[in-house]
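Let me begin by presenting the structure, written as structure tokens, before commenting on it.
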Amino acid sequence: MEPVSHIVVDWGTSSFRLWALDRAGQVLAERRSTQGLAASATDGFEVVLETHIAALGIGEDVPVMMCGMVGSRSGWIEAAYLAAPVPLAGLAAQTTLVPSTRRPIHVLPGIAQNDPHHFDVMRGEETQLLALTTREGACLACLPGTHSKWVRLEDGTIEGFASFMTGELFQLIREASVLAPALSGAAPVEPASPAFAEGVAEALAAPESIGNALFALRASWLLAATPATSALARLSGLLIGLELAGARQRFGNLDGVSLIASAPAAPLYRQAFAVAGLADIRAFDAESCVREGLHAAALATFQLEGAVS
């Protein structure tokens, strides 16, 4: 087995993912936990990181490249935003060094859009896009999540982007709104559900009526005893459809979009794209992309010999 060359970490608000890689980017070992920012701030970021590394039997001096909310103001250390447009090839040259006596630890920066009409920020998604630039020329990318991102790439440069609170709205409405009783006990949303497709189509046809469509979920529960699973699928479809309507208004034709997603979001978005009639969709696994992007940044930053897998 090849020795561990470097460690890469995707550290978000509610999750921690660590991979030990060789110089070719092959995964030698990994660790996962729910130790996001809140838990790690309490336990100590370095303590959390070193505990996971020690569990893999990896010694000191092996360097670490990180991305995600760990570099936010509420994270371990703030990695300042870069102002868009941003050439992704230079991302690794602008990392922030984390004070540590055990090993070199760097955090990739996020990206800010300072357009007065479209203020926006991203942190973590740029790393997934770093991997995509090795495969794509000009493209539009969709990265579903708590705050989904739609990003315009031109020749390896992030030219502009838009964030949509789709995932967060779904959770808030499901758990803390007047619709919560109508959604209680629902099974996970199935992409093939007719209710999901109907929700996508309705939002695309009349995005301005989304508020009315959402309240109708409660009314149908009260008056027609609509099952919770069906209502939840329709809610998901409405919100993803609303996102697609917004992306279409902002970026125009969405044909040829590159979808960077993992389960359970990936199949839902593929189905939503089909309902919207989008063509030439290209799909990439989000986890593979973030790991590949971190690997590329590590090779450049730590001046390691090897090739991006």
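The way I read the labels, and the way they are meant: chains A, B, ... in the order of the structure tokens, residue 1 as the first residue of every chain, and ligand 1 as the first ligand shown, with later ones counted on from there.
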Quiz item: When DSSP works through the backbone of this structure, what residues of segment 12-256 of chain A end up as strand (DSSP E or B), shown as a PyMOL selection string?
Solution: chain A and resi 16-21+27-33+64-67+82-83+86-87+96-97+105-107+111-113+120-122+139-143+148-154+157-164
Practice problem: Please provide the set of residues having any atom within 9 Å of segment 144-147 of chain A, restricted to only C-alpha atoms, with same-chain residues fewer than 3 positions apart removed, written as number ranges by chain. | Solution: A: 150, 163-171, 259-262, 265-266, 269
Exercise. Kindly give the distance, in Å, that separates atom CA of His295 of chain A and atom CA of Val8 of chain A, rounded to a single decimal.
Key: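 Distance between the two atoms: 6.9 Å.
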I'd like a table as a tab-separated table: residues in segment 84-127 of chain A with an atom no more than 10 Å from segment 24-48 of chain A, each row giving the shortest atom pair and its distance in Å to one decimal, only C-alpha atoms counted, sorted by chain and rising residue number.
residue	atom	partner	partner_atom	distance
A:Val98	CA	A:Glu46	CA	9.7
A:Pro99	CA	A:Glu46	CA	9.7
A:Ser100	CA	A:Glu46	CA	8.2
A:Arg102	CA	A:Glu46	CA	9.9
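Minimum distance to Glu202 of chain A across A:Asp255, A:Ala272, A:Arg103, A:Val121 (counting only C-alpha atoms) occurs at A:Ala272.
Between atom CA of Gln271 of chain A and atom CA of Gly241 of chain A lies a distance of 10.6 Å.
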Self-check item: Between atom CA of Gly160 of chain A and atom CA of Ser72 of chain A, distance in Å (one decimal)
Solution: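 Interatomic distance, atom CA of Gly160 of chain A to atom CA of Ser72 of chain A: 20.5 Å.
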Exercise. Report the residues of segment 20-243 of chain A whose backbone DSSP state falls under helix (DSSP H, G or I), written as a PyMOL selection string.
Key: chain A and resi 37-43+45-55+69-71+88-94+125-132+166-176+180-183+194-205+207-224+228-243
Exercise. For each of A:Ala247, A:Lys149, A:Arg291, A:Leu129, take the minimum atom-to-atom distance to Leu21 of chain A, counting only C-alpha atoms, then give the residue where this is smallest.
Key: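 Comparing A:Ala247, A:Lys149, A:Arg291, A:Leu129 against Leu21 of chain A, the winner is A:Arg291.
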Practice problem: Considering only C-alpha atoms, state which residue in the set A:Ala274, A:Leu179, A:Ile240, A:Ala112 is at the smallest distance from Ala219 of chain A. | Solution: A:Leu179
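Near Glu154 of chain A, within 7 Å and counting only C-alpha atoms, sit Gly137, Ala138, Cys139, Arg152, Gly156, Thr157, Ile158 and Glu159 of chain A, not including residues fewer than 2 positions from it in the same chain.
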Mind dumping the selected residues with N, CA, C and O atoms as a PDB file, in the first residue's frame?
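Wrote out.pdb, looks like this:
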ATOM      1  N   GLY A 137     -15.315  22.836 -19.968  1.00  0.00           N
ATOM      2  CA  GLY A 137     -14.937  24.161 -20.409  1.00  0.00           C
ATOM      3  C   GLY A 137     -15.911  25.151 -19.811  1.00  0.00           C
ATOM      4  O   GLY A 137     -15.996  25.314 -18.611  1.00  0.00           O
ATOM      5  N   ALA A 138     -16.695  25.811 -20.673  1.00  0.00           N
ATOM      6  CA  ALA A 138     -17.738  26.710 -20.196  1.00  0.00           C
ATOM      7  C   ALA A 138     -18.959  25.886 -19.822  1.00  0.00           C
ATOM      8  O   ALA A 138     -19.366  24.990 -20.554  1.00  0.00           O
ATOM      9  N   CYS A 139     -19.533  26.171 -18.670  1.00  0.00           N
ATOM     10  CA  CYS A 139     -20.722  25.406 -18.265  1.00  0.00           C
ATOM     11  C   CYS A 139     -21.475  26.125 -17.164  1.00  0.00           C
ATOM     12  O   CYS A 139     -20.967  27.062 -16.537  1.00  0.00           O
ATOM     13  N   ARG A 152     -22.002  29.901 -12.884  1.00  0.00           N
ATOM     14  CA  ARG A 152     -21.579  30.040 -14.272  1.00  0.00           C
ATOM     15  C   ARG A 152     -20.062  29.999 -14.327  1.00  0.00           C
ATOM     16  O   ARG A 152     -19.382  30.825 -13.718  1.00  0.00           O
ATOM     17  N   GLY A 156     -12.651  27.933 -16.682  1.00  0.00           N
ATOM     18  CA  GLY A 156     -12.090  27.688 -15.364  1.00  0.00           C
ATOM     19  C   GLY A 156     -12.260  28.824 -14.383  1.00  0.00           C
ATOM     20  O   GLY A 156     -11.683  28.800 -13.288  1.00  0.00           O
ATOM     21  N   THR A 157     -13.065  29.821 -14.721  1.00  0.00           N
ATOM     22  CA  THR A 157     -13.291  30.979 -13.850  1.00  0.00           C
ATOM     23  C   THR A 157     -14.754  31.043 -13.420  1.00  0.00           C
ATOM     24  O   THR A 157     -15.652  30.902 -14.252  1.00  0.00           O
ATOM     25  N   ILE A 158     -14.983  31.221 -12.114  1.00  0.00           N
ATOM     26  CA  ILE A 158     -16.345  31.450 -11.626  1.00  0.00           C
ATOM     27  C   ILE A 158     -16.723  32.891 -11.968  1.00  0.00           C
ATOM     28  O   ILE A 158     -16.195  33.848 -11.401  1.00  0.00           O
ATOM     29  N   GLU A 159     -17.631  33.040 -12.931  1.00  0.00           N
ATOM     30  CA  GLU A 159     -18.032  34.370 -13.389  1.00  0.00           C
ATOM     31  C   GLU A 159     -19.190  34.932 -12.569  1.00  0.00           C
ATOM     32  O   GLU A 159     -19.309  36.145 -12.402  1.00  0.00           O
TER      33      GLU A 159
END
